[in-house]
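One file, entry-v4.txt, is given below (compact mmCIF, C-alpha atoms).
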# COMPACT_ATOMS: atom_id res chain seq x y z
CA MET A 1 -30.92 29.94 -24.19
CA LYS A 2 -32.45 27.01 -22.41
CA LYS A 3 -34.81 24.48 -23.87
CA LYS A 4 -38.19 23.98 -22.17
CA LEU A 5 -38.68 20.27 -21.49
CA GLY A 6 -42.08 20.24 -19.81
CA VAL A 7 -42.13 18.48 -16.43
CA VAL A 8 -38.95 16.43 -16.00
CA ASN A 9 -37.52 15.55 -12.61
CA CYS A 10 -33.82 16.26 -13.08
CA LEU A 11 -32.50 15.97 -9.55
CA TYR A 12 -29.23 14.18 -10.33
CA PRO A 13 -27.03 12.52 -9.42
CA MET A 14 -28.96 10.54 -6.82
CA PRO A 15 -28.16 7.26 -5.10
CA THR A 16 -30.25 4.13 -5.36
CA VAL A 17 -30.79 2.30 -2.10
CA LEU A 18 -32.23 -0.96 -0.84
CA VAL A 19 -35.05 -0.55 1.65
CA GLY A 20 -35.89 -3.25 4.17
CA ALA A 21 -39.13 -3.78 6.07
CA THR A 22 -40.99 -6.57 7.82
CA VAL A 23 -44.13 -7.50 5.92
CA ASN A 24 -46.49 -10.06 7.41
CA GLY A 25 -43.73 -11.21 9.73
CA LYS A 26 -41.13 -11.73 7.00
CA PRO A 27 -38.15 -9.62 5.91
CA ASN A 28 -38.78 -7.85 2.61
CA PHE A 29 -36.45 -5.73 0.50
CA ILE A 30 -37.00 -3.36 -2.40
CA THR A 31 -34.87 -1.10 -4.55
CA ILE A 32 -35.80 2.55 -4.14
CA ALA A 33 -34.39 5.40 -6.20
CA HIS A 34 -36.65 8.12 -4.81
CA VAL A 35 -34.83 9.18 -1.66
CA GLY A 36 -34.00 12.35 0.20
CA ILE A 37 -32.20 13.96 3.12
CA VAL A 38 -34.52 15.86 5.47
CA THR A 39 -32.34 16.86 8.42
CA ILE A 40 -29.08 15.70 9.92
CA ASN A 41 -30.95 12.71 11.39
CA ALA A 42 -34.03 12.41 9.18
CA ILE A 43 -34.41 10.83 5.80
CA SER A 44 -37.13 10.14 3.22
CA ILE A 45 -38.00 7.44 0.75
CA SER A 46 -40.87 7.44 -1.70
CA SER A 47 -42.39 4.15 -2.78
CA HIS A 48 -45.06 3.43 -5.38
CA LYS A 49 -48.41 2.52 -3.85
CA ASP A 50 -48.39 -0.81 -5.66
CA HIS A 51 -45.34 -1.95 -3.74
CA TYR A 52 -45.84 -4.78 -1.28
CA THR A 53 -43.22 -3.28 1.06
CA ASN A 54 -45.29 -0.19 1.96
CA ALA A 55 -47.76 -2.08 4.15
CA GLY A 56 -44.92 -3.33 6.37
CA ILE A 57 -43.41 0.12 6.75
CA LYS A 58 -46.77 1.47 7.91
CA ALA A 59 -47.69 -1.52 10.10
CA ASN A 60 -44.44 -1.48 12.09
CA GLY A 61 -43.47 2.17 11.67
CA THR A 62 -39.94 1.08 10.79
CA PHE A 63 -37.71 0.49 7.79
CA SER A 64 -34.04 0.28 6.90
CA ILE A 65 -31.99 2.03 4.23
CA ASN A 66 -29.03 0.11 2.85
CA ILE A 67 -26.46 1.73 0.56
CA PRO A 68 -25.06 -0.75 -1.96
CA ALA A 69 -21.47 -0.56 -3.10
CA GLU A 70 -20.74 -0.36 -6.81
CA GLU A 71 -20.04 -4.11 -6.86
CA LEU A 72 -23.52 -4.80 -5.52
CA VAL A 73 -25.34 -2.99 -8.26
CA LYS A 74 -26.16 -6.21 -10.01
CA GLY A 75 -28.05 -7.40 -6.94
CA ASN A 76 -29.44 -3.95 -6.40
CA ARG A 77 -31.13 -3.80 -9.76
CA LEU A 78 -32.51 -7.25 -9.18
CA LEU A 79 -34.36 -6.29 -6.03
CA ARG A 80 -37.28 -4.88 -7.96
CA PRO A 81 -39.03 -8.25 -7.45
CA GLY A 82 -39.16 -7.45 -3.72
CA GLU A 83 -42.23 -5.49 -4.72
CA ARG A 84 -44.26 -8.66 -4.42
CA PRO A 85 -44.36 -11.35 -1.73
CA GLY A 86 -42.50 -14.56 -2.33
CA GLN A 87 -40.23 -12.93 -4.87
CA GLY A 88 -36.70 -11.80 -4.41
CA GLN A 89 -35.73 -15.27 -3.19
CA GLY A 90 -32.32 -16.51 -4.28
CA ILE A 91 -30.85 -13.05 -4.01
CA PRO A 92 -27.69 -13.01 -1.90
CA VAL A 93 -29.31 -10.93 0.84
CA ARG A 94 -28.14 -11.89 4.30
CA ASN A 95 -30.38 -9.87 6.54
CA VAL A 96 -29.63 -8.74 10.06
CA LEU A 97 -31.78 -7.07 12.69
CA GLY A 98 -30.75 -4.12 14.81
CA VAL A 99 -32.34 -2.23 17.64
CA LEU A 100 -35.76 -1.74 16.02
CA LYS A 101 -36.28 -5.49 15.43
CA THR A 102 -38.61 -4.90 12.44
CA ALA A 103 -36.18 -3.11 10.13
CA PRO A 104 -34.17 -5.91 8.47
CA MET A 105 -30.85 -4.78 7.03
CA ILE A 106 -28.62 -6.22 4.31
CA ALA A 107 -25.28 -7.44 5.63
CA GLY A 108 -23.68 -7.13 2.18
CA CYS A 109 -24.23 -3.37 1.98
CA PRO A 110 -21.37 -1.30 3.42
CA ILE A 111 -23.77 1.21 5.04
CA CYS A 112 -27.09 0.42 6.76
CA MET A 113 -29.42 2.72 8.65
CA GLU A 114 -32.36 1.82 10.86
CA VAL A 115 -35.21 4.30 10.54
CA LYS A 116 -38.33 5.01 12.63
CA LEU A 117 -41.27 6.34 10.63
CA LEU A 118 -42.32 9.91 11.49
CA HIS A 119 -44.63 10.91 8.61
CA ALA A 120 -46.35 9.17 5.71
CA LEU A 121 -47.51 11.58 3.01
CA ASP A 122 -49.93 10.52 0.34
CA PHE A 123 -49.30 11.33 -3.34
CA LYS A 124 -51.21 10.19 -6.39
CA THR A 125 -48.83 7.37 -7.27
CA HIS A 126 -46.45 7.18 -4.30
CA GLU A 127 -46.25 7.30 -0.53
CA LEU A 128 -43.53 9.49 0.96
CA PHE A 129 -42.12 8.01 4.15
CA VAL A 130 -40.11 10.39 6.31
CA GLY A 131 -38.26 8.83 9.20
CA GLU A 132 -35.75 9.44 11.94
CA ILE A 133 -32.49 7.49 11.83
CA VAL A 134 -32.01 5.60 15.10
CA GLU A 135 -28.76 3.78 14.33
CA THR A 136 -26.19 3.66 11.54
CA TYR A 137 -23.87 0.76 10.78
CA ALA A 138 -20.85 0.77 8.47
CA ASP A 139 -18.20 -1.62 7.22
CA GLU A 140 -14.59 -0.78 8.01
CA SER A 141 -14.05 -0.54 4.23
CA VAL A 142 -15.95 2.77 4.08
CA LEU A 143 -14.55 4.25 7.29
CA THR A 144 -11.60 6.59 7.62
CA SER A 145 -10.69 7.28 11.25
CA GLY A 146 -14.14 6.08 12.25
CA VAL A 147 -15.96 8.43 9.86
CA VAL A 148 -17.86 7.31 6.75
CA GLU A 149 -15.90 8.45 3.73
CA LEU A 150 -17.10 6.87 0.51
CA GLN A 151 -14.32 6.62 -2.01
CA GLN A 152 -14.32 6.54 -5.77
CA GLY A 153 -15.97 3.27 -6.79
CA GLN A 154 -17.70 2.71 -3.44
CA ALA A 155 -21.16 3.92 -4.41
CA ASP A 156 -23.31 4.46 -7.43
CA ALA A 157 -24.97 7.59 -8.72
CA VAL A 158 -27.95 7.17 -10.95
CA ARG A 159 -28.88 9.29 -13.92
CA HIS A 160 -32.50 8.49 -14.54
CA ALA A 161 -33.62 10.32 -17.64
CA GLN A 162 -31.50 8.12 -19.83
CA PRO A 163 -31.15 5.41 -17.24
CA ALA A 164 -27.54 4.72 -16.49
CA VAL A 165 -25.62 4.02 -13.32
CA LEU A 166 -22.57 6.24 -13.06
CA ALA A 167 -19.60 5.62 -10.83
CA LEU A 168 -18.62 8.01 -8.13
CA GLY A 169 -15.63 9.99 -9.35
CA ALA A 170 -12.67 11.61 -7.63
CA PRO A 171 -12.88 14.35 -5.01
CA PHE A 172 -12.19 17.76 -6.53
CA ALA A 173 -13.18 20.27 -3.87
CA LYS A 174 -13.82 20.71 -0.16
CA CYS A 175 -17.39 21.60 0.81
CA TRP A 176 -17.86 25.07 2.31
CA GLU A 177 -14.21 25.97 1.66
CA ILE A 178 -14.06 26.17 -2.11
CA GLY A 179 -16.23 29.28 -2.44
CA LYS A 180 -14.56 31.37 0.21
CA SER A 181 -12.10 32.98 -2.20
CA LEU A 182 -15.07 34.54 -4.00
CA LYS A 183 -16.66 35.99 -0.89
CA VAL A 184 -17.50 39.66 -1.21
CA MET B 1 -18.96 -7.19 11.26
CA LYS B 2 -20.24 -3.65 11.05
CA LYS B 3 -19.35 -0.80 13.34
CA LYS B 4 -22.18 1.02 15.13
CA LEU B 5 -21.82 4.73 14.49
CA GLY B 6 -24.80 6.13 16.39
CA VAL B 7 -27.06 8.37 14.32
CA VAL B 8 -25.28 9.36 11.11
CA ASN B 9 -27.12 10.33 7.95
CA CYS B 10 -25.21 8.43 5.28
CA LEU B 11 -27.42 8.89 2.23
CA TYR B 12 -24.67 9.40 -0.35
CA PRO B 13 -23.85 10.42 -2.95
CA MET B 14 -26.29 13.32 -3.13
CA PRO B 15 -26.28 16.43 -5.27
CA THR B 16 -26.09 19.95 -3.96
CA VAL B 17 -28.44 22.42 -5.60
CA LEU B 18 -29.14 26.12 -5.65
CA VAL B 19 -32.65 27.07 -4.60
CA GLY B 20 -34.27 30.30 -5.73
CA ALA B 21 -37.19 32.14 -4.17
CA THR B 22 -38.63 35.63 -4.07
CA VAL B 23 -38.26 37.14 -0.61
CA ASN B 24 -39.81 40.53 0.09
CA GLY B 25 -40.06 41.15 -3.64
CA LYS B 26 -36.41 40.35 -4.39
CA PRO B 27 -34.76 37.25 -5.90
CA ASN B 28 -32.90 35.21 -3.30
CA PHE B 29 -30.73 32.14 -3.73
CA ILE B 30 -29.36 29.59 -1.29
CA THR B 31 -27.28 26.43 -1.51
CA ILE B 32 -29.22 23.39 -0.32
CA ALA B 33 -27.74 19.92 0.13
CA HIS B 34 -30.81 18.36 1.71
CA VAL B 35 -32.87 17.35 -1.28
CA GLY B 36 -35.02 14.44 -2.42
CA ILE B 37 -37.08 12.90 -5.19
CA VAL B 38 -40.71 12.26 -4.22
CA THR B 39 -42.42 11.18 -7.43
CA ILE B 40 -41.74 11.50 -11.13
CA ASN B 41 -42.90 15.13 -10.89
CA ALA B 42 -42.44 15.99 -7.22
CA ILE B 43 -39.33 16.99 -5.36
CA SER B 44 -38.28 18.04 -1.85
CA ILE B 45 -35.81 20.41 -0.28
CA SER B 46 -35.14 20.85 3.40
CA SER B 47 -33.94 24.20 4.65
CA HIS B 48 -32.83 25.26 8.13
CA LYS B 49 -35.39 27.43 9.92
CA ASP B 50 -32.84 30.22 10.30
CA HIS B 51 -32.64 30.65 6.55
CA TYR B 52 -34.01 33.87 5.15
CA THR B 53 -35.16 32.08 1.98
CA ASN B 54 -37.85 30.01 3.75
CA ALA B 55 -40.22 32.94 4.27
CA GLY B 56 -40.31 33.60 0.52
CA ILE B 57 -41.01 29.99 -0.33
CA LYS B 58 -43.98 29.97 2.04
CA ALA B 59 -45.28 33.42 1.11
CA ASN B 60 -45.38 32.72 -2.63
CA GLY B 61 -45.72 28.95 -2.57
CA THR B 62 -42.99 28.71 -5.21
CA PHE B 63 -39.27 28.02 -5.51
CA SER B 64 -36.74 26.91 -8.11
CA ILE B 65 -34.14 24.17 -8.05
CA ASN B 66 -31.00 24.77 -10.08
CA ILE B 67 -28.41 22.05 -10.70
CA PRO B 68 -24.91 23.49 -10.93
CA ALA B 69 -22.33 21.99 -13.25
CA GLU B 70 -19.01 20.91 -11.81
CA GLU B 71 -17.45 24.16 -13.01
CA LEU B 72 -19.99 26.15 -10.99
CA VAL B 73 -19.18 24.51 -7.70
CA LYS B 74 -17.07 27.45 -6.63
CA GLY B 75 -20.12 29.69 -6.91
CA ASN B 76 -22.32 27.02 -5.48
CA ARG B 77 -20.36 26.75 -2.27
CA LEU B 78 -20.37 30.51 -1.99
CA LEU B 79 -24.13 30.79 -2.02
CA ARG B 80 -24.38 30.06 1.68
CA PRO B 81 -24.55 33.83 2.27
CA GLY B 82 -27.92 33.82 0.48
CA GLU B 83 -29.21 32.76 3.86
CA ARG B 84 -29.42 36.41 4.84
CA PRO B 85 -30.84 39.43 2.99
CA GLY B 86 -28.44 41.75 1.24
CA GLN B 87 -25.82 39.05 1.04
CA GLY B 88 -24.91 36.97 -1.94
CA GLN B 89 -24.30 40.14 -3.96
CA GLY B 90 -21.41 40.02 -6.40
CA ILE B 91 -22.05 36.38 -7.15
CA PRO B 92 -22.33 35.77 -10.88
CA VAL B 93 -26.01 34.82 -10.67
CA ARG B 94 -28.00 35.95 -13.68
CA ASN B 95 -31.55 35.20 -12.68
CA VAL B 96 -34.44 34.53 -15.01
CA LEU B 97 -38.15 34.08 -14.36
CA GLY B 98 -40.34 31.39 -15.86
CA VAL B 99 -44.02 30.63 -15.74
CA LEU B 100 -44.44 30.95 -11.96
CA LYS B 101 -43.01 34.51 -11.85
CA THR B 102 -41.84 34.16 -8.23
CA ALA B 103 -39.35 31.31 -8.67
CA PRO B 104 -36.16 33.00 -9.92
CA MET B 105 -33.76 30.65 -11.69
CA ILE B 106 -30.02 30.83 -12.31
CA ALA B 107 -29.14 31.15 -15.99
CA GLY B 108 -25.65 29.75 -15.39
CA CYS B 109 -26.94 26.37 -14.18
CA PRO B 110 -27.43 23.79 -16.95
CA ILE B 111 -30.68 22.51 -15.41
CA CYS B 112 -33.41 24.58 -13.73
CA MET B 113 -36.80 23.49 -12.42
CA GLU B 114 -39.73 25.66 -11.35
CA VAL B 115 -41.58 24.19 -8.40
CA LYS B 116 -44.98 24.86 -6.83
CA LEU B 117 -45.15 24.17 -3.08
CA LEU B 118 -47.46 21.32 -2.06
CA HIS B 119 -46.50 20.61 1.57
CA ALA B 120 -44.37 22.26 4.24
CA LEU B 121 -43.45 19.90 7.06
CA ASP B 122 -42.06 21.18 10.32
CA PHE B 123 -38.99 19.58 11.92
CA LYS B 124 -37.02 20.72 14.96
CA THR B 125 -34.29 22.43 12.96
CA HIS B 126 -35.56 22.39 9.37
CA GLU B 127 -38.61 22.89 7.19
CA LEU B 128 -39.23 20.24 4.53
CA PHE B 129 -40.74 21.75 1.39
CA VAL B 130 -42.32 19.28 -1.01
CA GLY B 131 -43.32 20.66 -4.37
CA GLU B 132 -44.59 19.81 -7.80
CA ILE B 133 -42.36 20.57 -10.78
CA VAL B 134 -44.23 22.77 -13.26
CA GLU B 135 -41.50 23.30 -15.85
CA THR B 136 -37.94 22.12 -16.46
CA TYR B 137 -35.31 23.97 -18.50
CA ALA B 138 -31.99 22.61 -19.73
CA ASP B 139 -28.97 23.78 -21.68
CA GLU B 140 -28.17 22.01 -24.93
CA SER B 141 -24.89 20.94 -23.27
CA VAL B 142 -26.69 18.42 -21.05
CA LEU B 143 -29.15 17.18 -23.68
CA THR B 144 -28.76 14.12 -25.89
CA SER B 145 -31.53 13.83 -28.48
CA GLY B 146 -33.62 16.20 -26.37
CA VAL B 147 -33.22 14.15 -23.17
CA VAL B 148 -31.21 15.24 -20.13
CA GLU B 149 -28.16 13.04 -19.91
CA LEU B 150 -25.58 14.31 -17.47
CA GLN B 151 -22.11 13.24 -18.45
CA GLN B 152 -19.01 12.66 -16.43
CA GLY B 153 -17.91 16.04 -15.10
CA GLN B 154 -21.29 17.70 -15.57
CA ALA B 155 -22.52 17.46 -11.98
CA ASP B 156 -21.20 17.11 -8.49
CA ALA B 157 -21.89 14.48 -5.89
CA VAL B 158 -21.34 15.40 -2.30
CA ARG B 159 -19.98 13.19 0.42
CA HIS B 160 -20.93 14.99 3.59
CA ALA B 161 -19.48 13.09 6.51
CA GLN B 162 -15.97 14.07 5.58
CA PRO B 163 -17.10 16.95 3.43
CA ALA B 164 -15.78 16.60 -0.09
CA VAL B 165 -17.28 17.20 -3.49
CA LEU B 166 -16.76 14.23 -5.77
CA ALA B 167 -17.00 14.26 -9.51
CA LEU B 168 -19.53 12.20 -11.36
CA GLY B 169 -17.75 9.20 -12.84
CA ALA B 170 -18.28 7.08 -15.91
CA PRO B 171 -21.41 5.01 -16.63
CA PHE B 172 -20.91 1.35 -15.79
CA ALA B 173 -24.35 -0.21 -15.95
CA LYS B 174 -27.84 0.25 -17.34
CA CYS B 175 -30.60 0.70 -14.76
CA TRP B 176 -33.14 -2.14 -14.56
CA GLU B 177 -31.16 -4.23 -17.05
CA ILE B 178 -28.05 -5.13 -15.12
CA GLY B 179 -29.75 -7.42 -12.60
CA LYS B 180 -31.81 -9.43 -15.04
CA SER B 181 -29.17 -12.12 -15.46
CA LEU B 182 -29.61 -12.98 -11.78
CA LYS B 183 -33.37 -13.28 -11.92
CA VAL B 184 -34.65 -16.48 -10.37
Give the structure from the file, written as structure tokens.
Amino acid sequence: MKKKLGVVNCLYPMPTVLVGATVNGKPNFITIAHVGIVTINAISISSHKDHYTNAGIKANGTFSINIPAEELVKGNRLLRPGERPGQGQGIPVRNVLGVLKTAPMIAGCPICMEVKLLHALDFKTHELFVGEIVETYADESVLTSGVVELQQGQADAVRHAQPAVLALGAPFAKCWEIGKSLKV
Amino acid sequence: MKKKLGVVNCLYPMPTVLVGATVNGKPNFITIAHVGIVTINAISISSHKDHYTNAGIKANGTFSINIPAEELVKGNRLLRPGERPGQGQGIPVRNVLGVLKTAPMIAGCPICMEVKLLHALDFKTHELFVGEIVETYADESVLTSGVVELQQGQADAVRHAQPAVLALGAPFAKCWEIGKSLKV
């Protein structure tokens, strides 16, 4: 028998990412935990309307998504100050530009994606930005035969309700294969 | 120096969920790996246009999201056949209805959410369904003092590029707290 909890968003585990944008001509970064996959080449982030970063995403129609490794979580959590201009200084963020020119990326993250804005949806508290990935960059450390293959310890998974960052564990099954024995 | 990979969606780790809908008057379930958090009470799933389930979501404006435990992954992977009518039979899915009446849930999943459709966005291959959570249900096994707190081994995290299902590891940091020592 399940317990009714009211309205609780329990979509876990989810990654936390760093989002980059150009705001008033300057690179700006923010930590975003509200993310989603839309299609094989489309992705979403949802950012509170108070966040300084949103204006840049809308003005340029571009942003970046940077996946921090477990060791970067300290910096990751710190990037909340990126919400406001002039803050977030002193953070070890070495930013690089790719093909879009207004989607600054973080060199210290093992995976970076440049994204072109397709849709901005308005919610009461947040704006949902859905974009198309135009280029993906990865460190050799997360590649196996040229394919991204995050290993145990190479990414974080966040459990929000009681806010903790959990490590990525060991592989225990192959997608699409594991259920075949049950097929009727 | 990063390697350019072209367009690769590397938003990991992400959960895989089971989505329930009523299609032509019957409960229907499908495995969905393209999911997202939109706001504290809104959520998104993206489903290929070929999927049988989509018609039910649009007709009733409702769906459910069910989070499988690690032990359910076998069943989870199997639910791909739910894409078509008449398939998915024989799967140990005991469905229950909540307040929405057309969003069947899976009793065997530790967390279930009933969702009311807010937006349906059209993409080339997929439909993005954004909805508002109206009620959340959880097993005692995932609750700590009444709050959902997934533990190591209680959920899966999928790494798509080289498709493997990874376990959820141990907590190693507290959200929002861990970066404070770096604050400038």
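Put simply, atom CA of A:Thr53 is 15.3 Å away from atom CA of A:Val35.
Checking B:Leu128, B:Pro68, B:Ser141, B:Ala59 one by one against chain A, counting all atoms listed in the file, you find the shortest gap at B:Leu128.
Distances to chain A were evaluated for B:Lys58, B:Lys101, B:Lys26, B:Lys49 using all atoms listed in the file, and the minimum falls at B:Lys49.
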> Mind pulling up the distance from atom CA of B:His126 to atom CA of A:Gly61?
Replying inline: 21.8 Å
>> Please list as a list in words every residue within 7 Å of B:Glu132, counting all atoms listed in the file and excluding residues in the same chain fewer than 5 positions away.
In response: Asn41, Ala42, Ile43, Val115, Lys116, Leu117 and Leu118 of chain B
File dump, residues just selected, C-alpha atoms, as a PDB file, in the coordinates of the input:
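Output file selection_2.pdb follows:
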ATOM      1  CA  ASN B  41     -42.900  15.130 -10.890  1.00  0.00           C
ATOM      2  CA  ALA B  42     -42.440  15.990  -7.220  1.00  0.00           C
ATOM      3  CA  ILE B  43     -39.330  16.990  -5.360  1.00  0.00           C
ATOM      4  CA  VAL B 115     -41.580  24.190  -8.400  1.00  0.00           C
ATOM      5  CA  LYS B 116     -44.980  24.860  -6.830  1.00  0.00           C
ATOM      6  CA  LEU B 117     -45.150  24.170  -3.080  1.00  0.00           C
ATOM      7  CA  LEU B 118     -47.460  21.320  -2.060  1.00  0.00           C
TER       8      LEU B 118
END
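Distances here use all atoms listed in the file; by that measure, the residue among A:Ile67, A:Val134, A:Leu97, A:Val147 closest to A:Ile111 is A:Ile67.
Counting from atom CA of A:Val19, the distance to atom CA of A:Glu135 is 14.8 Å.
Shortest atom-to-atom contact with chain A among B:Lys124, B:His48, B:His34, B:His119: B:His34, counting only C-alpha atoms.
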